[in-house]
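The structure file entry-v1.pdb is reproduced below (PDB, C-alpha atoms, pLDDT in the B column).
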```pdb
ATOM      1  CA  MET A   1      93.147 127.157 125.939  1.00 48.00           C
ATOM      2  CA  ALA A   2      92.937 130.038 128.427  1.00 48.00           C
ATOM      3  CA  PRO A   3      96.134 132.114 128.901  1.00 48.00           C
ATOM      4  CA  ALA A   4      96.436 131.082 132.556  1.00 48.00           C
ATOM      5  CA  LEU A   5      96.154 127.407 131.635  1.00 48.00           C
ATOM      6  CA  GLU A   6      98.681 127.847 128.814  1.00 51.00           C
ATOM      7  CA  ALA A   7     101.148 129.405 131.276  1.00 51.00           C
ATOM      8  CA  PHE A   8     100.604 126.527 133.708  1.00 50.00           C
ATOM      9  CA  VAL A   9     101.176 123.925 130.978  1.00 55.00           C
ATOM     10  CA  ASP A  10     104.356 125.718 129.844  1.00 58.00           C
ATOM     11  CA  LEU A  11     105.573 125.685 133.435  1.00 59.00           C
ATOM     12  CA  ILE A  12     105.010 121.941 133.860  1.00 64.00           C
ATOM     13  CA  TYR A  13     105.956 120.946 130.309  1.00 70.00           C
ATOM     14  CA  PRO A  14     108.248 123.688 128.993  1.00 78.00           C
ATOM     15  CA  ARG A  15     108.353 124.031 125.227  1.00 86.00           C
ATOM     16  CA  LEU A  16     111.785 123.566 123.684  1.00 91.00           C
ATOM     17  CA  CYS A  17     113.231 125.157 120.562  1.00 93.00           C
ATOM     18  CA  CYS A  18     113.203 122.658 117.689  1.00 92.00           C
ATOM     19  CA  GLY A  19     116.617 123.911 116.618  1.00 91.00           C
ATOM     20  CA  CYS A  20     118.780 124.171 119.746  1.00 92.00           C
ATOM     21  CA  HIS A  21     116.404 122.583 122.311  1.00 90.00           C
ATOM     22  CA  VAL A  22     116.609 125.465 124.826  1.00 92.00           C
ATOM     23  CA  PRO A  23     113.367 126.312 126.693  1.00 91.00           C
ATOM     24  CA  LEU A  24     111.282 128.881 124.832  1.00 89.00           C
ATOM     25  CA  GLY A  25     109.918 130.426 128.016  1.00 79.00           C
ATOM     26  CA  GLN A  26     106.388 131.151 129.147  1.00 73.00           C
ATOM     27  CA  GLY A  27     106.124 134.343 127.116  1.00 76.00           C
ATOM     28  CA  ALA A  28     106.952 132.679 123.783  1.00 80.00           C
ATOM     29  CA  PRO A  29     104.289 132.972 121.050  1.00 85.00           C
ATOM     30  CA  ARG A  30     101.984 130.014 120.540  1.00 82.00           C
ATOM     31  CA  ASP A  31     101.453 130.637 116.821  1.00 83.00           C
ATOM     32  CA  GLY A  32     103.795 130.756 113.848  1.00 85.00           C
ATOM     33  CA  GLU A  33     107.489 129.929 113.684  1.00 90.00           C
ATOM     34  CA  ARG A  34     108.312 131.507 117.051  1.00 89.00           C
ATOM     35  CA  ALA A  35     106.077 128.915 118.719  1.00 91.00           C
ATOM     36  CA  TRP A  36     108.673 126.349 117.659  1.00 93.00           C
ATOM     37  CA  PHE A  37     112.001 128.177 117.377  1.00 94.00           C
ATOM     38  CA  CYS A  38     113.877 130.549 119.657  1.00 93.00           C
ATOM     39  CA  GLN A  39     114.808 133.953 118.240  1.00 92.00           C
ATOM     40  CA  VAL A  40     118.371 132.893 117.398  1.00 94.00           C
ATOM     41  CA  CYS A  41     117.315 129.733 115.533  1.00 94.00           C
ATOM     42  CA  ALA A  42     114.447 131.532 113.807  1.00 94.00           C
ATOM     43  CA  GLU A  43     116.906 134.114 112.459  1.00 94.00           C
ATOM     44  CA  GLU A  44     119.220 131.341 111.226  1.00 95.00           C
ATOM     45  CA  LEU A  45     116.593 129.357 109.318  1.00 96.00           C
ATOM     46  CA  PRO A  46     117.817 128.689 105.742  1.00 96.00           C
ATOM     47  CA  LEU A  47     114.841 130.395 104.144  1.00 96.00           C
ATOM     48  CA  VAL A  48     114.199 130.230 100.417  1.00 95.00           C
ATOM     49  CA  ALA A  49     114.304 133.744  99.007  1.00 91.00           C
ATOM     50  CA  PRO A  50     114.482 135.289  95.514  1.00 89.00           C
ATOM     51  CA  PRO A  51     116.012 134.973  93.071  1.00 91.00           C
ATOM     52  CA  TYR A  52     114.798 131.463  92.336  1.00 93.00           C
ATOM     53  CA  CYS A  53     113.613 129.502  89.311  1.00 93.00           C
ATOM     54  CA  ARG A  54     110.045 130.460  88.433  1.00 93.00           C
ATOM     55  CA  VAL A  55     109.154 126.766  87.954  1.00 95.00           C
ATOM     56  CA  CYS A  56     110.996 124.568  90.487  1.00 95.00           C
ATOM     57  CA  GLY A  57     112.050 127.174  93.053  1.00 94.00           C
ATOM     58  CA  GLU A  58     115.789 126.431  92.863  1.00 92.00           C
ATOM     59  CA  MET A  59     117.655 129.362  94.451  1.00 91.00           C
ATOM     60  CA  TYR A  60     120.469 131.194  92.682  1.00 87.00           C
ATOM     61  CA  ASP A  61     123.013 133.775  93.702  1.00 81.00           C
ATOM     62  CA  GLY A  62     123.214 137.014  91.809  1.00 70.00           C
ATOM     63  CA  ALA A  63     121.041 139.978  90.952  1.00 69.00           C
ATOM     64  CA  PHE A  64     118.349 138.638  88.629  1.00 68.00           C
ATOM     65  CA  THR A  65     115.898 141.339  87.623  1.00 65.00           C
ATOM     66  CA  HIS A  66     113.535 139.079  85.689  1.00 74.00           C
ATOM     67  CA  GLU A  67     111.901 135.674  86.014  1.00 80.00           C
ATOM     68  CA  PHE A  68     113.988 132.773  84.741  1.00 85.00           C
ATOM     69  CA  ARG A  69     113.795 129.027  84.227  1.00 87.00           C
ATOM     70  CA  CYS A  70     116.765 127.004  85.508  1.00 89.00           C
ATOM     71  CA  MET A  71     118.709 124.256  83.738  1.00 85.00           C
ATOM     72  CA  ASN A  72     116.980 121.607  85.867  1.00 82.00           C
ATOM     73  CA  CYS A  73     113.651 122.573  84.302  1.00 86.00           C
ATOM     74  CA  SER A  74     114.938 123.343  80.823  1.00 80.00           C
ATOM     75  CA  GLY A  75     113.527 120.968  78.240  1.00 79.00           C
ATOM     76  CA  ARG A  76     111.217 119.269  80.742  1.00 84.00           C
ATOM     77  CA  LYS A  77     107.436 119.205  80.593  1.00 88.00           C
ATOM     78  CA  LEU A  78     106.547 119.493  84.248  1.00 93.00           C
ATOM     79  CA  GLU A  79     102.865 119.011  84.976  1.00 96.00           C
ATOM     80  CA  PHE A  80     102.642 121.493  87.857  1.00 97.00           C
ATOM     81  CA  GLU A  81     102.505 125.268  87.462  1.00 97.00           C
ATOM     82  CA  PHE A  82     105.359 125.933  89.854  1.00 97.00           C
ATOM     83  CA  ALA A  83     106.874 124.723  93.129  1.00 97.00           C
ATOM     84  CA  VAL A  84     107.768 126.774  96.165  1.00 97.00           C
ATOM     85  CA  ALA A  85     109.524 125.679  99.362  1.00 98.00           C
ATOM     86  CA  ALA A  86     109.850 127.405 102.717  1.00 98.00           C
ATOM     87  CA  CYS A  87     113.492 126.525 103.434  1.00 97.00           C
ATOM     88  CA  ARG A  88     116.534 124.864 101.981  1.00 97.00           C
ATOM     89  CA  ALA A  89     117.058 121.313 103.256  1.00 96.00           C
ATOM     90  CA  GLU A  90     120.042 122.294 105.377  1.00 94.00           C
ATOM     91  CA  GLY A  91     121.017 122.388 109.034  1.00 92.00           C
ATOM     92  CA  ALA A  92     118.172 122.358 111.546  1.00 91.00           C
ATOM     93  CA  VAL A  93     115.505 122.063 108.846  1.00 96.00           C
ATOM     94  CA  ARG A  94     117.087 118.965 107.345  1.00 95.00           C
ATOM     95  CA  GLU A  95     117.332 117.427 110.813  1.00 94.00           C
ATOM     96  CA  LEU A  96     113.700 118.269 111.537  1.00 94.00           C
ATOM     97  CA  VAL A  97     112.513 116.540 108.364  1.00 96.00           C
ATOM     98  CA  HIS A  98     114.624 113.470 109.146  1.00 95.00           C
ATOM     99  CA  GLN A  99     113.358 113.206 112.728  1.00 94.00           C
ATOM    100  CA  PHE A 100     109.765 113.729 111.633  1.00 95.00           C
ATOM    101  CA  LYS A 101     109.834 111.082 108.904  1.00 92.00           C
ATOM    102  CA  TYR A 102     112.167 108.416 110.191  1.00 92.00           C
ATOM    103  CA  ASP A 103     112.136 108.820 113.973  1.00 92.00           C
ATOM    104  CA  ARG A 104     108.328 109.108 114.074  1.00 90.00           C
ATOM    105  CA  ARG A 105     108.414 112.395 115.968  1.00 92.00           C
ATOM    106  CA  LEU A 106     104.943 113.439 114.898  1.00 92.00           C
ATOM    107  CA  GLN A 107     104.967 116.498 117.139  1.00 90.00           C
ATOM    108  CA  LEU A 108     107.403 118.097 114.677  1.00 94.00           C
ATOM    109  CA  ARG A 109     104.686 118.332 112.033  1.00 95.00           C
ATOM    110  CA  GLY A 110     103.647 121.586 113.685  1.00 94.00           C
ATOM    111  CA  ALA A 111     107.098 123.129 113.263  1.00 96.00           C
ATOM    112  CA  LEU A 112     107.341 122.102 109.607  1.00 97.00           C
ATOM    113  CA  ALA A 113     103.781 123.193 108.851  1.00 97.00           C
ATOM    114  CA  ALA A 114     104.499 126.555 110.497  1.00 96.00           C
ATOM    115  CA  LEU A 115     107.421 126.990 108.115  1.00 97.00           C
ATOM    116  CA  MET A 116     105.209 126.008 105.178  1.00 98.00           C
ATOM    117  CA  LEU A 117     102.866 128.909 105.864  1.00 97.00           C
ATOM    118  CA  ARG A 118     105.596 130.999 104.217  1.00 96.00           C
ATOM    119  CA  THR A 119     104.928 129.288 100.882  1.00 97.00           C
ATOM    120  CA  LEU A 120     101.416 130.740 100.855  1.00 97.00           C
ATOM    121  CA  GLU A 121     102.939 134.224 100.858  1.00 96.00           C
ATOM    122  CA  GLU A 122     104.599 133.603  97.469  1.00 96.00           C
ATOM    123  CA  PRO A 123     103.376 136.473  95.221  1.00 95.00           C
ATOM    124  CA  ARG A 124     101.674 134.109  92.785  1.00 96.00           C
ATOM    125  CA  LEU A 125      99.626 132.634  95.656  1.00 97.00           C
ATOM    126  CA  ALA A 126      99.239 135.659  97.915  1.00 93.00           C
ATOM    127  CA  GLY A 127      96.587 137.182  95.669  1.00 89.00           C
ATOM    128  CA  GLU A 128      94.515 133.999  95.472  1.00 95.00           C
ATOM    129  CA  ASN A 129      91.480 133.103  97.545  1.00 96.00           C
ATOM    130  CA  LEU A 130      93.112 129.945  98.860  1.00 96.00           C
ATOM    131  CA  ALA A 131      89.945 128.874 100.687  1.00 95.00           C
ATOM    132  CA  GLU A 132      88.728 127.826  97.229  1.00 96.00           C
ATOM    133  CA  TRP A 133      91.794 125.642  96.661  1.00 98.00           C
ATOM    134  CA  LEU A 134      92.374 122.086  97.864  1.00 98.00           C
ATOM    135  CA  LEU A 135      95.335 120.674  99.808  1.00 98.00           C
ATOM    136  CA  VAL A 136      96.356 117.239  98.485  1.00 98.00           C
ATOM    137  CA  PRO A 137      99.266 115.194  99.894  1.00 98.00           C
ATOM    138  CA  VAL A 138     101.788 113.210  97.871  1.00 97.00           C
ATOM    139  CA  PRO A 139     100.838 109.624  98.798  1.00 96.00           C
ATOM    140  CA  LEU A 140     102.987 106.764 100.064  1.00 94.00           C
ATOM    141  CA  HIS A 141     102.618 103.189  98.861  1.00 91.00           C
ATOM    142  CA  ARG A 142     100.539 101.193 101.334  1.00 90.00           C
ATOM    143  CA  SER A 143     103.492  99.021 102.366  1.00 89.00           C
ATOM    144  CA  ARG A 144     105.669 102.086 103.046  1.00 88.00           C
ATOM    145  CA  GLU A 145     102.915 103.791 104.992  1.00 88.00           C
ATOM    146  CA  LEU A 146     102.305 100.688 107.109  1.00 88.00           C
ATOM    147  CA  ASP A 147     106.008 100.474 107.868  1.00 88.00           C
ATOM    148  CA  ARG A 148     106.300 104.175 108.743  1.00 89.00           C
ATOM    149  CA  GLU A 149     102.855 104.220 110.436  1.00 89.00           C
ATOM    150  CA  PHE A 150     101.886 107.548 108.862  1.00 94.00           C
ATOM    151  CA  ASN A 151     102.219 109.622 105.703  1.00 96.00           C
ATOM    152  CA  GLN A 152     104.232 112.729 106.503  1.00 96.00           C
ATOM    153  CA  SER A 153     102.631 114.708 103.661  1.00 98.00           C
ATOM    154  CA  TRP A 154      99.109 114.000 104.903  1.00 98.00           C
ATOM    155  CA  GLU A 155     100.107 115.022 108.436  1.00 97.00           C
ATOM    156  CA  LEU A 156     101.354 118.368 107.085  1.00 98.00           C
ATOM    157  CA  CYS A 157      98.174 118.766 105.019  1.00 97.00           C
ATOM    158  CA  GLN A 158      95.960 118.293 108.038  1.00 97.00           C
ATOM    159  CA  ARG A 159      97.839 120.825 110.137  1.00 96.00           C
ATOM    160  CA  LEU A 160      97.813 123.397 107.307  1.00 97.00           C
ATOM    161  CA  ALA A 161      94.081 122.842 106.810  1.00 97.00           C
ATOM    162  CA  GLN A 162      93.494 123.383 110.521  1.00 96.00           C
ATOM    163  CA  TRP A 163      95.395 126.671 110.539  1.00 95.00           C
ATOM    164  CA  THR A 164      94.320 128.144 107.209  1.00 96.00           C
ATOM    165  CA  GLY A 165      90.830 126.813 106.560  1.00 96.00           C
ATOM    166  CA  ILE A 166      91.928 125.434 103.175  1.00 97.00           C
ATOM    167  CA  PRO A 167      90.193 122.055 102.743  1.00 97.00           C
ATOM    168  CA  ALA A 168      92.363 118.939 102.472  1.00 97.00           C
ATOM    169  CA  ALA A 169      91.695 115.648 100.704  1.00 96.00           C
ATOM    170  CA  ASN A 170      93.617 112.398 100.335  1.00 95.00           C
ATOM    171  CA  ALA A 171      92.879 112.405  96.623  1.00 96.00           C
ATOM    172  CA  LEU A 172      95.802 110.320  95.342  1.00 97.00           C
ATOM    173  CA  ALA A 173      97.027 106.761  95.879  1.00 95.00           C
ATOM    174  CA  ARG A 174     100.413 105.233  95.133  1.00 94.00           C
ATOM    175  CA  ILE A 175      99.504 101.995  93.404  1.00 91.00           C
ATOM    176  CA  ARG A 176     102.948 100.760  92.429  1.00 86.00           C
ATOM    177  CA  GLU A 177     106.157 100.534  94.397  1.00 79.00           C
ATOM    178  CA  THR A 178     109.121 101.998  92.547  1.00 73.00           C
ATOM    179  CA  ASP A 179     112.873 101.619  92.625  1.00 61.00           C
ATOM    180  CA  THR A 180     114.776 104.173  94.663  1.00 61.00           C
ATOM    181  CA  GLN A 181     115.198 107.440  92.783  1.00 56.00           C
ATOM    182  CA  ALA A 182     118.611 108.317  94.220  1.00 54.00           C
ATOM    183  CA  SER A 183     120.737 106.561  91.589  1.00 57.00           C
ATOM    184  CA  LEU A 184     118.602 107.567  88.584  1.00 63.00           C
ATOM    185  CA  ASP A 185     119.082 110.488  86.259  1.00 62.00           C
ATOM    186  CA  ARG A 186     116.357 113.006  85.419  1.00 62.00           C
ATOM    187  CA  ASP A 187     114.702 111.096  82.566  1.00 66.00           C
ATOM    188  CA  GLU A 188     114.980 107.739  84.355  1.00 68.00           C
ATOM    189  CA  ARG A 189     113.215 109.184  87.402  1.00 70.00           C
ATOM    190  CA  LEU A 190     110.255 110.243  85.278  1.00 69.00           C
ATOM    191  CA  ARG A 191     110.013 106.836  83.583  1.00 73.00           C
ATOM    192  CA  ASN A 192     110.370 105.073  86.935  1.00 75.00           C
ATOM    193  CA  LEU A 193     107.314 106.895  88.303  1.00 81.00           C
ATOM    194  CA  ARG A 194     105.016 106.608  85.297  1.00 80.00           C
ATOM    195  CA  GLY A 195     101.918 104.690  86.340  1.00 84.00           C
ATOM    196  CA  ALA A 196     102.839 104.765  90.034  1.00 90.00           C
ATOM    197  CA  PHE A 197      99.953 107.050  91.049  1.00 95.00           C
ATOM    198  CA  ALA A 198      96.196 107.032  90.547  1.00 95.00           C
ATOM    199  CA  LEU A 199      93.140 108.820  91.864  1.00 95.00           C
ATOM    200  CA  ARG A 200      92.174 107.365  95.227  1.00 92.00           C
ATOM    201  CA  LYS A 201      88.883 105.469  95.246  1.00 86.00           C
ATOM    202  CA  PRO A 202      86.732 106.530  98.207  1.00 80.00           C
ATOM    203  CA  ARG A 203      85.574 103.995 100.768  1.00 78.00           C
ATOM    204  CA  PRO A 204      81.848 103.047 100.595  1.00 78.00           C
ATOM    205  CA  TRP A 205      81.041 105.467 103.445  1.00 74.00           C
ATOM    206  CA  GLN A 206      83.052 108.345 101.978  1.00 73.00           C
ATOM    207  CA  ALA A 207      81.817 110.950  99.509  1.00 75.00           C
ATOM    208  CA  GLN A 208      83.565 111.280  96.167  1.00 76.00           C
ATOM    209  CA  ILE A 209      85.544 114.525  96.008  1.00 83.00           C
ATOM    210  CA  SER A 210      85.402 116.151  92.595  1.00 89.00           C
ATOM    211  CA  LEU A 211      88.700 117.552  91.325  1.00 96.00           C
ATOM    212  CA  GLN A 212      87.164 118.891  88.134  1.00 96.00           C
ATOM    213  CA  GLY A 213      88.219 122.506  87.674  1.00 97.00           C
ATOM    214  CA  ARG A 214      89.829 122.642  91.123  1.00 97.00           C
ATOM    215  CA  ARG A 215      93.047 124.470  91.926  1.00 98.00           C
ATOM    216  CA  ILE A 216      95.287 122.283  94.045  1.00 98.00           C
ATOM    217  CA  LEU A 217      98.153 122.790  96.471  1.00 98.00           C
ATOM    218  CA  LEU A 218     100.145 119.555  96.244  1.00 98.00           C
ATOM    219  CA  VAL A 219     101.889 119.048  99.595  1.00 98.00           C
ATOM    220  CA  ASP A 220     105.140 117.211 100.317  1.00 98.00           C
ATOM    221  CA  ASP A 221     107.898 117.514 102.892  1.00 97.00           C
ATOM    222  CA  VAL A 222     110.866 117.928 100.505  1.00 96.00           C
ATOM    223  CA  PHE A 223     111.150 118.905  96.837  1.00 96.00           C
ATOM    224  CA  THR A 224     114.169 117.478  94.994  1.00 90.00           C
ATOM    225  CA  THR A 225     113.990 116.990  91.221  1.00 88.00           C
ATOM    226  CA  GLY A 226     110.226 117.393  90.855  1.00 92.00           C
ATOM    227  CA  ALA A 227     109.750 113.966  89.247  1.00 91.00           C
ATOM    228  CA  THR A 228     107.357 112.674  91.910  1.00 93.00           C
ATOM    229  CA  THR A 229     105.291 115.837  92.174  1.00 96.00           C
ATOM    230  CA  SER A 230     105.120 116.191  88.396  1.00 95.00           C
ATOM    231  CA  GLU A 231     103.682 112.692  88.040  1.00 95.00           C
ATOM    232  CA  CYS A 232     101.180 113.392  90.832  1.00 97.00           C
ATOM    233  CA  ALA A 233     100.187 116.627  89.113  1.00 98.00           C
ATOM    234  CA  ARG A 234      99.748 114.785  85.812  1.00 96.00           C
ATOM    235  CA  VAL A 235      97.219 112.412  87.397  1.00 97.00           C
ATOM    236  CA  LEU A 236      95.383 115.249  89.149  1.00 98.00           C
ATOM    237  CA  ARG A 237      95.095 117.250  85.943  1.00 97.00           C
ATOM    238  CA  ARG A 238      94.628 114.638  83.229  1.00 96.00           C
ATOM    239  CA  GLU A 239      92.592 112.081  85.161  1.00 95.00           C
ATOM    240  CA  GLY A 240      90.995 114.262  87.814  1.00 96.00           C
ATOM    241  CA  GLY A 241      90.386 117.331  85.675  1.00 97.00           C
ATOM    242  CA  ALA A 242      92.144 119.766  88.037  1.00 98.00           C
ATOM    243  CA  GLU A 243      92.653 123.234  86.563  1.00 97.00           C
ATOM    244  CA  LYS A 244      95.978 124.018  88.206  1.00 97.00           C
ATOM    245  CA  VAL A 245      98.501 122.316  90.526  1.00 98.00           C
ATOM    246  CA  VAL A 246     101.057 124.206  92.616  1.00 98.00           C
ATOM    247  CA  VAL A 247     103.576 122.311  94.754  1.00 98.00           C
ATOM    248  CA  ILE A 248     104.367 123.516  98.287  1.00 98.00           C
ATOM    249  CA  THR A 249     106.990 121.886 100.499  1.00 98.00           C
ATOM    250  CA  ALA A 250     108.740 122.508 103.792  1.00 98.00           C
ATOM    251  CA  ALA A 251     112.205 122.107 102.276  1.00 97.00           C
ATOM    252  CA  ARG A 252     114.030 122.315  98.940  1.00 96.00           C
ATOM    253  CA  GLY A 253     116.690 119.634  98.455  1.00 89.00           C
TER     254      GLY A 253
END
```
What would the structure in this file look like if it were written as structure tokens?
Amino acid sequence: MAPALEAFVDLIYPRLCCGCHVPLGQGAPRDGERAWFCQVCAEELPLVAPPYCRVCGEMYDGAFTHEFRCMNCSGRKLEFEFAVAACRAEGAVRELVHQFKYDRRLQLRGALAALMLRTLEEPRLAGENLAEWLLVPVPLHRSRELDREFNQSWELCQRLAQWTGIPAANALARIRETDTQASLDRDERLRNLRGAFALRKPRPWQAQISLQGRRILLVDDVFTTGATTSECARVLRREGGAEKVVVITAARG
């Protein structure tokens, strides 16, 4: 869109900050976080920053001078290499996720995807040629997706693919509905999800995407215990033959 047309559109339909809802103004950037948040809200975003667990990304206070594995990950065999989130699931970010998922405000996928670009700057990813990786969303069961009318993880995948050039594929399917995870402990969550995911079978007109030897960015909106993403990673690696799976999310619960 030409600059003059962009200015005209902003005049007729002013963009609002996703945090405080004040107009961003005609001179506001159209790319990155500042395309969605005013300066004040951008500075107040609850960003995930070191030190954090080298596996699940859980943040800790203190002056850690070395990599560490937190108690949440201790004794667990997680199938992904590591997980990294852009923000803590607090304040405006938590509200954004809720509105996006449950109020069907699809326009907010841009704000959350813009935040997720930060995850690609994680030192263990920054040195990679991510164009050779594959973005894969955590799937919803068909009944849940029909009820919600979209899969929030796939929406984020598509926007990230558009901005970064990293290819995206709906490679997984959720084949079994599961009980809610909220009331279950760590081990029960893992057992509850076993057998819930499978490789997605392509439609007759679709080409089969090979996962063999691929490095995958597994995309979800929020990371909590890692049970869901670990089971997805297990299927991608053991059944699909993926070489490596890294989890990226907008928020860390």
Legend entry - Given the PyMOL selection byres ((chain A and resi 172) around 7), the residues it picks as a PyMOL selection string: chain A and resi 139+170-171+173-174+197-200
How big is the axis-aligned box, and where does its centre sit, when it encloses all atoms of region 111-120 of chain A listed in the file and has 5 Å added on every side, reported in Å to one decimal as AutoDock Vina command-line options?
```
--center_x 104.4 --center_y 126.6 --center_z 107.1 --size_x 16.0 --size_y 18.9 --size_z 22.4
```
Inset, instruction - Could you jot down the CA of Arg34 (chain A) to CA of Lys101 (chain A) separation for me, Å, one decimal place? - result: 22.0 Å
Legend entry - Long-range neighbours of Phe37 (chain A) as a list of chain:residue names, 12 Å cut-off, only C-alpha atoms, 6 positions minimum in chain: A:Arg15, A:Leu16, A:Cys17, A:Cys18, A:Gly19, A:Cys20, A:His21, A:Val22, A:Pro23, A:Leu24, A:Gly25, A:Ala28, A:Pro29, A:Arg30, A:Asp31, A:Glu43, A:Glu44, A:Leu45, A:Ala92, A:Val93, A:Leu96, A:Leu108, A:Gly110, A:Ala111, A:Leu112, A:Ala114, A:Leu115
Legend entry - Gap from CA of Val48 (chain A) to CA of Val245 (chain A) - Å, one decimal: 20.2 Å
Legend entry - Nearest to Cys53 (chain A) by atom-to-atom distance, counting all atoms listed in the file, from A:Phe68, A:Trp163, A:Phe223, A:Phe150: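 The shortest atom-to-atom distance to Cys53 (chain A) comes from A:Phe68.
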Inset, instruction - Please tell me which residues are no farther than 9 Å from (102.7, 115.0, 98.9) in the file, counting all atoms listed in the file, and write them as a VMD selection string. - result: chain A and resid 136 to 140 151 to 154 156 to 157 218 to 222 228 to 229 232 247 to 249
Inset, instruction - Go through the shown structure with the PyMOL selection byres ((chain A and resi 226) around 10) and write out the matching residues as a PyMOL selection string. - result: chain A and resi 55-56+72-73+78-80+82-83+186+189-190+222-225+227-232+247
Go ahead and write the selection's residues with C-alpha atoms as a CSV table (one decimal), keeping the file's coordinate frame.
```csv
chain,number,residue,atom,x,y,z
A,55,VAL,CA,109.2,126.8,88.0
A,56,CYS,CA,111.0,124.6,90.5
A,72,ASN,CA,117.0,121.6,85.9
A,73,CYS,CA,113.7,122.6,84.3
A,78,LEU,CA,106.5,119.5,84.2
A,79,GLU,CA,102.9,119.0,85.0
A,80,PHE,CA,102.6,121.5,87.9
A,82,PHE,CA,105.4,125.9,89.9
A,83,ALA,CA,106.9,124.7,93.1
A,186,ARG,CA,116.4,113.0,85.4
A,189,ARG,CA,113.2,109.2,87.4
A,190,LEU,CA,110.3,110.2,85.3
A,222,VAL,CA,110.9,117.9,100.5
A,223,PHE,CA,111.2,118.9,96.8
A,224,THR,CA,114.2,117.5,95.0
A,225,THR,CA,114.0,117.0,91.2
A,227,ALA,CA,109.8,114.0,89.2
A,228,THR,CA,107.4,112.7,91.9
A,229,THR,CA,105.3,115.8,92.2
A,230,SER,CA,105.1,116.2,88.4
A,231,GLU,CA,103.7,112.7,88.0
A,232,CYS,CA,101.2,113.4,90.8
A,247,VAL,CA,103.6,122.3,94.8
```
Inset, instruction - Select, from A:His141, A:Arg191, A:Arg159, A:Arg94, the residue with the minimum atom-to-atom distance to Arg176 (chain A), counting all atoms listed in the file. - result: A:His141
Legend entry - Atomic distance CA of Gly32 (chain A) - CA of Glu81 (chain A), expressed in Å with one decimal: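 Result for CA of Gly32 (chain A) versus CA of Glu81 (chain A): 27.0 Å, one decimal.
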Inset, instruction - Report as a count of residues only the full result of the PyMOL selection byres ((chain A and resi 239-243) around 9) when it is applied to this structure. - result: 17
Inset, instruction - Choose the residue, out of A:Asn129, A:Asn192, A:Gln206, A:Gln26, that has the smallest atom-to-atom separation from Gly165 (chain A); count only C-alpha atoms. - result: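 The shortest atom-to-atom distance to Gly165 (chain A) comes from A:Asn129.
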Inset, instruction - Tell me which protein, DNA and RNA residues are within 8 Å of Ala131 (chain A), counting only C-alpha atoms, leaving out same-chain ones fewer than 2 positions away, and put them as a list in words. - result: Asn129, Trp133, Leu134, Thr164, Gly165, Ile166 and Pro167 of chain A
